[in-house]
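File shown: entry_16.csv. Contents: CSV, C-alpha atoms.
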chain,number,residue,atom,x,y,z
A,1090,MET,CA,0.0,0.0,0.0
A,1091,VAL,CA,1.1,3.6,-0.7
A,1092,THR,CA,0.3,6.3,1.8
A,1093,ALA,CA,-0.5,9.8,0.7
A,1094,ASN,CA,-1.9,12.5,2.9
A,1095,ASN,CA,-2.3,9.8,5.6
A,1096,LEU,CA,-4.6,7.7,3.3
A,1097,ASN,CA,-3.8,4.3,1.9
A,1098,PHE,CA,-4.3,3.5,-1.8
A,1099,SER,CA,-4.1,0.0,-3.2
A,1100,PRO,CA,-1.9,-0.9,-6.2
A,1101,GLU,CA,-5.0,-1.2,-8.3
A,1102,VAL,CA,-6.2,2.3,-7.4
A,1103,LEU,CA,-2.7,3.7,-8.2
A,1104,GLU,CA,-2.7,1.9,-11.6
A,1105,TRP,CA,-6.1,3.4,-12.3
A,1106,TYR,CA,-4.8,6.8,-11.5
A,1107,ARG,CA,-1.7,6.4,-13.7
A,1108,ASP,CA,-4.0,5.3,-16.6
A,1109,LYS,CA,-6.1,8.4,-16.1
A,1110,LEU,CA,-3.0,10.6,-16.3
A,1111,GLU,CA,-2.5,9.4,-19.9
A,1112,HIS,CA,-5.5,11.6,-20.9
A,1113,PHE,CA,-3.5,14.7,-19.9
A,1114,GLY,CA,-0.6,14.2,-22.3
A,1115,ASP,CA,3.0,15.2,-21.9
A,1116,PRO,CA,5.0,16.7,-20.4
A,1117,ARG,CA,3.8,16.0,-16.8
A,1118,ILE,CA,5.5,16.5,-13.5
A,1119,GLU,CA,4.8,13.6,-11.2
A,1120,LYS,CA,5.6,15.0,-7.8
A,1121,SER,CA,4.5,11.9,-5.9
A,1122,PRO,CA,2.6,8.7,-6.6
A,1123,THR,CA,-0.6,10.7,-6.1
A,1124,ASP,CA,0.2,14.3,-7.1
A,1125,THR,CA,0.9,15.4,-10.7
A,1126,ASP,CA,1.1,18.7,-12.6
A,1127,ALA,CA,0.1,18.6,-16.2
A,1128,LEU,CA,-0.4,21.1,-19.1
A,1129,CYS,CA,-3.9,22.7,-19.0
A,1130,PRO,CA,-5.5,21.9,-22.3
A,1131,VAL,CA,-7.8,25.0,-22.2
A,1132,HIS,CA,-5.6,28.0,-21.9
A,1133,GLY,CA,-2.6,27.0,-24.0
A,1134,ASP,CA,-0.4,26.1,-21.0
A,1135,HIS,CA,3.4,25.9,-21.6
A,1136,ASN,CA,4.4,25.1,-18.0
A,1137,PRO,CA,2.4,22.4,-16.2
A,1138,SER,CA,-0.1,24.3,-14.0
A,1139,LEU,CA,-3.0,21.8,-13.9
A,1140,GLY,CA,-3.2,19.8,-10.7
A,1141,VAL,CA,-4.3,16.2,-11.3
A,1142,ASP,CA,-4.2,14.7,-7.8
A,1143,LEU,CA,-5.5,11.5,-6.3
A,1144,ARG,CA,-7.5,11.9,-3.1
A,1145,GLN,CA,-10.0,10.1,-0.9
A,1146,ASN,CA,-13.6,11.2,-0.2
A,1147,GLY,CA,-16.9,9.7,0.9
A,1148,ARG,CA,-17.3,7.7,-2.3
A,1149,GLY,CA,-13.7,6.4,-2.3
A,1150,PRO,CA,-10.7,7.3,-4.4
A,1151,LYS,CA,-11.2,10.4,-6.5
A,1152,ILE,CA,-9.0,12.5,-8.9
A,1153,LEU,CA,-9.1,16.3,-8.3
A,1154,VAL,CA,-8.5,18.4,-11.4
A,1155,THR,CA,-7.6,22.1,-10.8
A,1156,CYS,CA,-6.1,24.8,-13.1
A,1157,ARG,CA,-3.8,26.7,-10.7
A,1158,SER,CA,-2.9,29.3,-13.3
A,1159,GLN,CA,-6.0,30.6,-15.0
A,1160,ASP,CA,-8.8,28.9,-13.0
A,1161,CYS,CA,-10.1,27.3,-16.2
A,1162,GLU,CA,-13.6,25.8,-16.0
A,1163,PHE,CA,-13.6,22.2,-14.8
A,1164,GLU,CA,-16.0,21.1,-17.5
A,1165,GLU,CA,-13.9,22.6,-20.2
A,1166,ILE,CA,-10.8,20.8,-19.0
A,1167,LEU,CA,-12.6,17.4,-18.9
A,1168,ASN,CA,-14.2,17.9,-22.3
A,1169,ALA,CA,-10.7,18.7,-23.8
A,1170,VAL,CA,-9.2,15.5,-22.5
A,1171,GLY,CA,-12.2,13.2,-23.2
A,1172,LEU,CA,-13.3,12.6,-19.6
A,1173,LYS,CA,-16.6,12.9,-17.7
A,1174,PRO,CA,-17.0,13.8,-14.0
A,1175,GLY,CA,-17.8,10.2,-13.2
A,1176,ASP,CA,-14.6,9.1,-14.7
A,1177,LEU,CA,-12.7,10.7,-11.9
A,1178,TYR,CA,-14.1,8.3,-9.3
A,1179,TYR,CA,-12.6,4.9,-8.9
A,1180,ALA,CA,-15.4,2.3,-9.5
A,1181,GLN,CA,-15.3,-0.3,-6.8
A,1182,ASN,CA,-17.4,-2.8,-8.9
A,1183,GLY,CA,-14.6,-3.3,-11.4
A,1184,SER,CA,-16.1,-1.3,-14.3
A,1185,ASN,CA,-13.0,0.7,-14.7
A,1186,GLY,CA,-11.8,-1.5,-17.6
A,1187,LYS,CA,-14.5,-0.5,-20.0
A,1188,PRO,CA,-13.3,1.5,-23.1
A,1189,HIS,CA,-13.9,5.2,-22.6
A,1190,GLY,CA,-13.9,6.1,-26.2
A,1191,CYS,CA,-11.6,8.4,-28.0
A,1192,THR,CA,-11.9,11.2,-30.6
A,1193,VAL,CA,-9.3,12.7,-32.9
A,1194,ALA,CA,-9.3,15.9,-30.9
A,1195,GLN,CA,-8.7,14.0,-27.6
A,1196,TYR,CA,-6.0,11.9,-29.2
A,1197,ALA,CA,-4.3,15.0,-30.4
A,1198,VAL,CA,-4.3,16.6,-27.0
A,1199,ALA,CA,-3.0,13.3,-25.3
A,1200,LYS,CA,-0.2,12.9,-27.8
A,1201,GLY,CA,0.7,16.6,-28.1
A,1202,LEU,CA,0.2,16.6,-31.9
A,1203,PRO,CA,-1.8,19.1,-34.1
A,1204,GLU,CA,-5.3,17.9,-34.8
A,1205,ALA,CA,-5.0,19.3,-38.3
A,1206,PHE,CA,-2.0,17.2,-39.0
A,1207,LEU,CA,-3.7,14.0,-37.8
A,1208,ARG,CA,-6.8,14.8,-40.0
A,1209,SER,CA,-4.8,15.7,-43.0
A,1210,ASP,CA,-4.5,13.4,-46.0
A,1211,GLU,CA,-1.0,12.6,-44.7
A,1212,VAL,CA,-2.4,10.6,-41.8
A,1213,ALA,CA,-6.2,10.7,-42.5
A,1214,LEU,CA,-7.6,9.9,-39.0
A,1215,GLU,CA,-11.4,10.1,-38.8
A,1216,ASP,CA,-14.0,10.1,-36.0
A,1217,ILE,CA,-16.3,7.1,-36.0
A,1218,GLU,CA,-18.2,4.9,-33.5
A,1219,TRP,CA,-16.8,1.4,-32.7
A,1220,TRP,CA,-17.8,-1.0,-29.9
A,1221,GLY,CA,-20.5,1.5,-29.0
A,1222,VAL,CA,-18.1,4.3,-28.1
A,1223,PRO,CA,-16.5,7.2,-30.0
A,1224,ALA,CA,-13.4,5.9,-31.8
A,1225,VAL,CA,-10.6,7.1,-34.1
A,1226,GLU,CA,-10.3,5.2,-37.4
A,1227,ILE,CA,-6.7,4.6,-38.4
A,1228,PRO,CA,-6.4,3.7,-42.1
A,1229,TYR,CA,-3.6,1.4,-43.4
A,1230,ALA,CA,-2.3,1.6,-46.9
A,1231,ASP,CA,-0.1,-0.6,-49.1
A,1232,GLU,CA,3.1,0.5,-50.8
A,1233,GLU,CA,1.2,2.2,-53.6
A,1234,GLY,CA,-0.9,4.1,-51.2
A,1235,GLU,CA,-4.1,2.1,-51.7
A,1236,TYR,CA,-6.4,1.6,-48.7
A,1237,VAL,CA,-6.2,-2.0,-47.3
A,1238,LEU,CA,-7.8,-2.0,-43.8
A,1239,SER,CA,-8.4,0.1,-40.7
A,1240,ARG,CA,-7.6,-0.2,-37.0
A,1241,TYR,CA,-9.6,1.6,-34.3
A,1242,ARG,CA,-8.5,3.6,-31.3
A,1243,ILE,CA,-11.2,3.1,-28.7
A,1244,SER,CA,-9.5,4.5,-25.6
A,1245,LEU,CA,-6.5,6.5,-24.4
A,1246,ILE,CA,-5.9,4.3,-21.4
A,1247,GLY,CA,-6.1,0.7,-20.4
A,1248,ASP,CA,-4.8,-2.5,-21.9
A,1249,LYS,CA,-6.9,-2.5,-25.0
A,1250,LYS,CA,-6.5,0.9,-26.7
A,1251,VAL,CA,-6.5,-0.1,-30.4
A,1252,VAL,CA,-8.5,-2.9,-31.9
A,1253,SER,CA,-8.9,-4.5,-35.3
A,1254,LYS,CA,-11.9,-5.8,-37.2
A,1255,LYS,CA,-12.3,-9.6,-36.8
A,1256,GLY,CA,-10.6,-11.4,-39.7
A,1257,ASP,CA,-8.3,-8.6,-40.8
A,1258,SER,CA,-4.7,-9.5,-41.4
A,1259,VAL,CA,-1.8,-7.9,-39.5
A,1260,MET,CA,0.5,-5.6,-41.5
A,1261,PRO,CA,3.1,-2.8,-40.9
A,1262,TYR,CA,1.8,0.7,-40.7
A,1263,GLY,CA,3.1,3.3,-43.1
A,1264,LEU,CA,4.1,1.1,-46.1
A,1265,ASN,CA,3.2,4.0,-48.4
A,1266,ARG,CA,6.0,6.1,-46.9
A,1267,LEU,CA,8.9,3.7,-47.5
A,1268,ASP,CA,10.0,5.4,-50.8
A,1269,ASP,CA,10.7,8.5,-48.6
A,1270,ALA,CA,12.7,6.2,-46.3
A,1271,ARG,CA,14.7,4.8,-49.1
A,1272,GLU,CA,15.5,8.4,-50.3
A,1273,ALA,CA,16.5,9.3,-46.7
A,1274,GLY,CA,18.6,6.2,-46.3
A,1275,TYR,CA,17.0,5.0,-43.0
A,1276,VAL,CA,13.8,4.0,-41.4
A,1277,LEU,CA,12.8,3.9,-37.7
A,1278,LEU,CA,10.9,0.8,-36.6
A,1279,VAL,CA,8.5,1.7,-33.9
A,1280,GLU,CA,5.7,-0.2,-32.1
A,1281,GLY,CA,2.3,1.0,-32.9
A,1282,GLU,CA,0.6,3.8,-34.8
A,1283,SER,CA,1.0,6.6,-32.3
A,1284,ASP,CA,4.8,6.5,-32.3
A,1285,CYS,CA,4.6,6.7,-36.1
A,1286,HIS,CA,2.4,9.8,-35.9
A,1287,SER,CA,4.9,11.5,-33.5
A,1288,ALA,CA,7.8,10.6,-35.8
A,1289,TRP,CA,6.1,11.7,-39.0
A,1290,HIS,CA,5.1,15.0,-37.6
A,1291,ARG,CA,8.8,15.6,-36.8
A,1292,GLY,CA,9.9,14.6,-40.2
A,1293,VAL,CA,11.3,11.2,-39.1
A,1294,ARG,CA,10.9,8.3,-41.5
A,1295,ALA,CA,9.1,5.6,-39.5
A,1296,LEU,CA,7.3,2.3,-40.0
A,1297,GLY,CA,4.9,0.9,-37.3
A,1298,ILE,CA,4.8,-2.7,-36.1
A,1299,PRO,CA,1.4,-3.4,-34.6
A,1300,GLY,CA,2.7,-5.1,-31.5
A,1301,ALA,CA,6.2,-6.4,-30.9
A,1302,LYS,CA,5.1,-10.0,-31.0
A,1303,ASN,CA,3.6,-9.5,-34.5
A,1304,TRP,CA,6.9,-8.9,-36.3
A,1305,ARG,CA,7.3,-11.4,-39.2
A,1306,PRO,CA,10.7,-12.1,-40.9
A,1307,GLU,CA,9.0,-11.8,-44.4
A,1308,TRP,CA,8.3,-8.2,-43.7
A,1309,ALA,CA,12.0,-7.5,-44.3
A,1310,PHE,CA,11.0,-7.6,-48.0
A,1311,TYR,CA,9.4,-4.2,-47.5
A,1312,LEU,CA,12.7,-2.7,-46.2
A,1313,GLU,CA,14.8,-3.6,-49.3
A,1314,GLY,CA,16.8,-0.7,-50.5
A,1315,ILE,CA,16.9,1.0,-47.1
A,1316,PRO,CA,20.6,0.9,-45.9
A,1317,GLU,CA,19.9,1.6,-42.2
A,1318,VAL,CA,17.0,0.0,-40.2
A,1319,ILE,CA,16.7,1.4,-36.7
A,1320,PRO,CA,14.5,-0.5,-34.2
A,1321,ALA,CA,13.3,1.8,-31.4
A,1322,VAL,CA,13.7,-0.3,-28.3
A,1323,GLU,CA,11.7,1.0,-25.4
A,1324,PRO,CA,12.5,-0.1,-21.8
A,1325,ASP,CA,9.8,-2.8,-21.5
A,1326,GLY,CA,9.2,-6.4,-22.4
A,1327,GLY,CA,7.7,-5.3,-25.8
A,1328,GLY,CA,10.8,-3.3,-26.7
A,1329,ARG,CA,13.1,-6.2,-25.9
A,1330,GLU,CA,10.9,-8.7,-27.8
A,1331,LEU,CA,10.8,-6.4,-30.9
A,1332,TRP,CA,14.6,-6.2,-30.9
A,1333,GLU,CA,15.0,-10.0,-30.5
A,1334,LYS,CA,12.7,-10.7,-33.4
A,1335,VAL,CA,14.1,-8.1,-35.7
A,1336,SER,CA,17.7,-8.8,-34.9
A,1337,SER,CA,17.2,-12.5,-35.7
A,1338,THR,CA,15.8,-11.7,-39.1
A,1339,GLU,CA,18.5,-12.8,-41.5
A,1340,ALA,CA,17.6,-10.4,-44.3
A,1341,LEU,CA,18.3,-7.4,-42.0
A,1342,ARG,CA,21.8,-8.5,-40.9
A,1343,GLY,CA,24.3,-5.7,-41.3
A,1344,ARG,CA,21.7,-3.0,-41.6
A,1345,LEU,CA,20.4,-2.7,-38.0
A,1346,GLU,CA,21.2,0.1,-35.7
A,1347,LYS,CA,19.6,-0.3,-32.2
A,1348,LEU,CA,18.1,2.8,-30.7
A,1349,GLU,CA,17.6,2.0,-27.0
A,1350,PHE,CA,15.7,4.3,-24.7
A,1351,PRO,CA,16.7,4.7,-21.1
A,1352,ARG,CA,14.4,3.6,-18.3

As structure tokens, the full file:
Amino acid sequence: MVTANNLNFSPEVLEWYRDKLEHFGDPRIEKSPTDTDALCPVHGDHNPSLGVDLRQNGRGPKILVTCRSQDCEFEEILNAVGLKPGDLYYAQNGSNGKPHGCTVAQYAVAKGLPEAFLRSDEVALEDIEWWGVPAVEIPYADEEGEYVLSRYRISLIGDKKVVSKKGDSVMPYGLNRLDDAREAGYVLLVEGESDCHSAWHRGVRALGIPGAKNWRPEWAFYLEGIPEVIPAVEPDGGGRELWEKVSSTEALRGRLEKLEFPR
């Protein structure tokens, strides 16, 4: 148990709190396991001034959200990050795992990316409904830029954030950008679509692997003609698994440059 303000919070409650923090994007200043300062999404904050703090009240664990700089309206803050007042209370009945839904605007705030860029033809995210909640459609294209399939972002938090349509095949994300990577002489291999969006917005050539365990040696065919292949290895089990699978792919030998992020 962790004690904060003389109150005990279980590991489950602290995990729920950390999941909720993902709605508020980066950068964040985590002052303690229960106290965080984030960027206020309403007044164009540049220095984290939004208090997002875990406390206890009569109903149980609750997150307090307060703009300490401009006193922005509580409802406006929650709308901007895709939360409702009820989402700030920990549900003792186990209903916290349900998808909250996600819109392009909320996703843009959480990832610190311009909504216009995400909606542009370059990325082409769209708002739809999936699993009965708002969702972001993420279209996948082949090497010629032809639409193949979509995946769906249904939440900003939790274990299941992005889902696929039953029966759809697994494929790399961003195949239509590989000609640019050949011209640049490199490609960054990342896990998932959101890392691709962050890289593309910054002009970095990147290809997304939908889950480290899903890498297939035959996908090395797509990377022919690219002299430097850079797997981005994050400090978790998925990052290590991606590196192990990619580095054991014979067709990529001699072209790999490991990019390892610190813990």

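When CA of Thr1125 (chain A) is paired with CA of His1286 (chain A), their separation reads 25.9 Å.
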
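Comparing A:Glu1280, A:Glu1226, A:Asp1216, A:Glu1233 by their smallest distance to Arg1266 (chain A), the closest is A:Glu1233 (using all atoms listed in the file).
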
Margin query: Would you pick out the contacts of Asp1210 (chain A) at 12 Å or less, using all atoms listed in the file, so that residues sharing its chain but fewer than 5 positions from it are not included, and give the list as a PyMOL selection string?
Written below: chain A and resi 1205+1215+1227-1228+1234

Note to self: So that I can see what lies close to Ala1270 (chain A), please list as a ChimeraX atom specification the residues with an atom at most 12 Å from it, counting only C-alpha atoms and leaving out residues fewer than 5 positions away in the same chain.
What the structure shows: /A:1263-1265,1275-1278,1289,1292-1296,1311-1319

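Minimum atom-to-atom distance to Ile1152 (chain A), evaluated using all atoms listed in the file, belongs to A:Leu1103 out of A:Leu1128, A:Val1170, A:Leu1103, A:Leu1238.
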
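CA of Lys1254 (chain A) is found 15.6 Å from CA of Pro1223 (chain A).
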
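Between Cys1285 (chain A) and the residues A:Leu1245, A:Ala1169, A:Ala1321, A:Val1252, the shortest atom-to-atom distance, using all atoms listed in the file, involves A:Ala1321.
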
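A straight line drawn from CA of Ile1166 (chain A) to CA of Pro1130 (chain A) is 6.3 Å long.
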
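Considering all atoms listed in the file, the residue among A:Asp1284, A:Asp1269, A:Asp1126, A:Glu1323 positioned nearest to Leu1153 (chain A) is A:Asp1126.
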
Next item on the list: Mind checking which residues fall within 8 Å of Trp1304 (chain A), counting only C-alpha atoms, ignoring those fewer than 3 positions away in the same chain, and posting them as number ranges by chain?
Entry: A: 1298-1301, 1308, 1331, 1334-1335

Please identify all polymer residues within 12 Å of Cys1161 (chain A), counting only C-alpha atoms, omitting same-chain residues fewer than 6 positions from it, and present them as a PDB file with C-alpha atoms, keeping the file's coordinate frame.
ATOM      1  CA  LEU A1128      -0.400  21.100 -19.100  1.00  0.00           C
ATOM      2  CA  CYS A1129      -3.900  22.700 -19.000  1.00  0.00           C
ATOM      3  CA  PRO A1130      -5.500  21.900 -22.300  1.00  0.00           C
ATOM      4  CA  VAL A1131      -7.800  25.000 -22.200  1.00  0.00           C
ATOM      5  CA  HIS A1132      -5.600  28.000 -21.900  1.00  0.00           C
ATOM      6  CA  GLY A1133      -2.600  27.000 -24.000  1.00  0.00           C
ATOM      7  CA  ASP A1134      -0.400  26.100 -21.000  1.00  0.00           C
ATOM      8  CA  SER A1138      -0.100  24.300 -14.000  1.00  0.00           C
ATOM      9  CA  LEU A1139      -3.000  21.800 -13.900  1.00  0.00           C
ATOM     10  CA  GLY A1140      -3.200  19.800 -10.700  1.00  0.00           C
ATOM     11  CA  VAL A1154      -8.500  18.400 -11.400  1.00  0.00           C
ATOM     12  CA  THR A1155      -7.600  22.100 -10.800  1.00  0.00           C
ATOM     13  CA  LEU A1167     -12.600  17.400 -18.900  1.00  0.00           C
ATOM     14  CA  ASN A1168     -14.200  17.900 -22.300  1.00  0.00           C
ATOM     15  CA  ALA A1169     -10.700  18.700 -23.800  1.00  0.00           C
TER      16      ALA A1169
END

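Proximity ranking of A:Arg1271, A:Phe1113, A:His1290, A:Tyr1262 relative to Pro1203 (chain A) places A:His1290 first, based on only C-alpha atoms.
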
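Each of A:Ser1239, A:Asn1146, A:Asn1303, A:Ser1287 was compared to Glu1330 (chain A) using all atoms listed in the file, and A:Asn1303 turns out to be the nearest.
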
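Near (-0.2, -7.9, -45.4), the residues that fall inside 9 Å on the basis of all atoms listed in the file are Asp1231, Val1237, Ser1258, Val1259, Met1260, Pro1261 and Trp1308 of chain A.
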
Check: So which residues touch Tyr1106 (chain A) within 10 Å, counting all atoms listed in the file, skipping near sequence neighbours fewer than 6 positions away, as a ChimeraX atom specification?
Finding: /A:1100,1122-1123,1141-1143,1150-1152,1177-1179
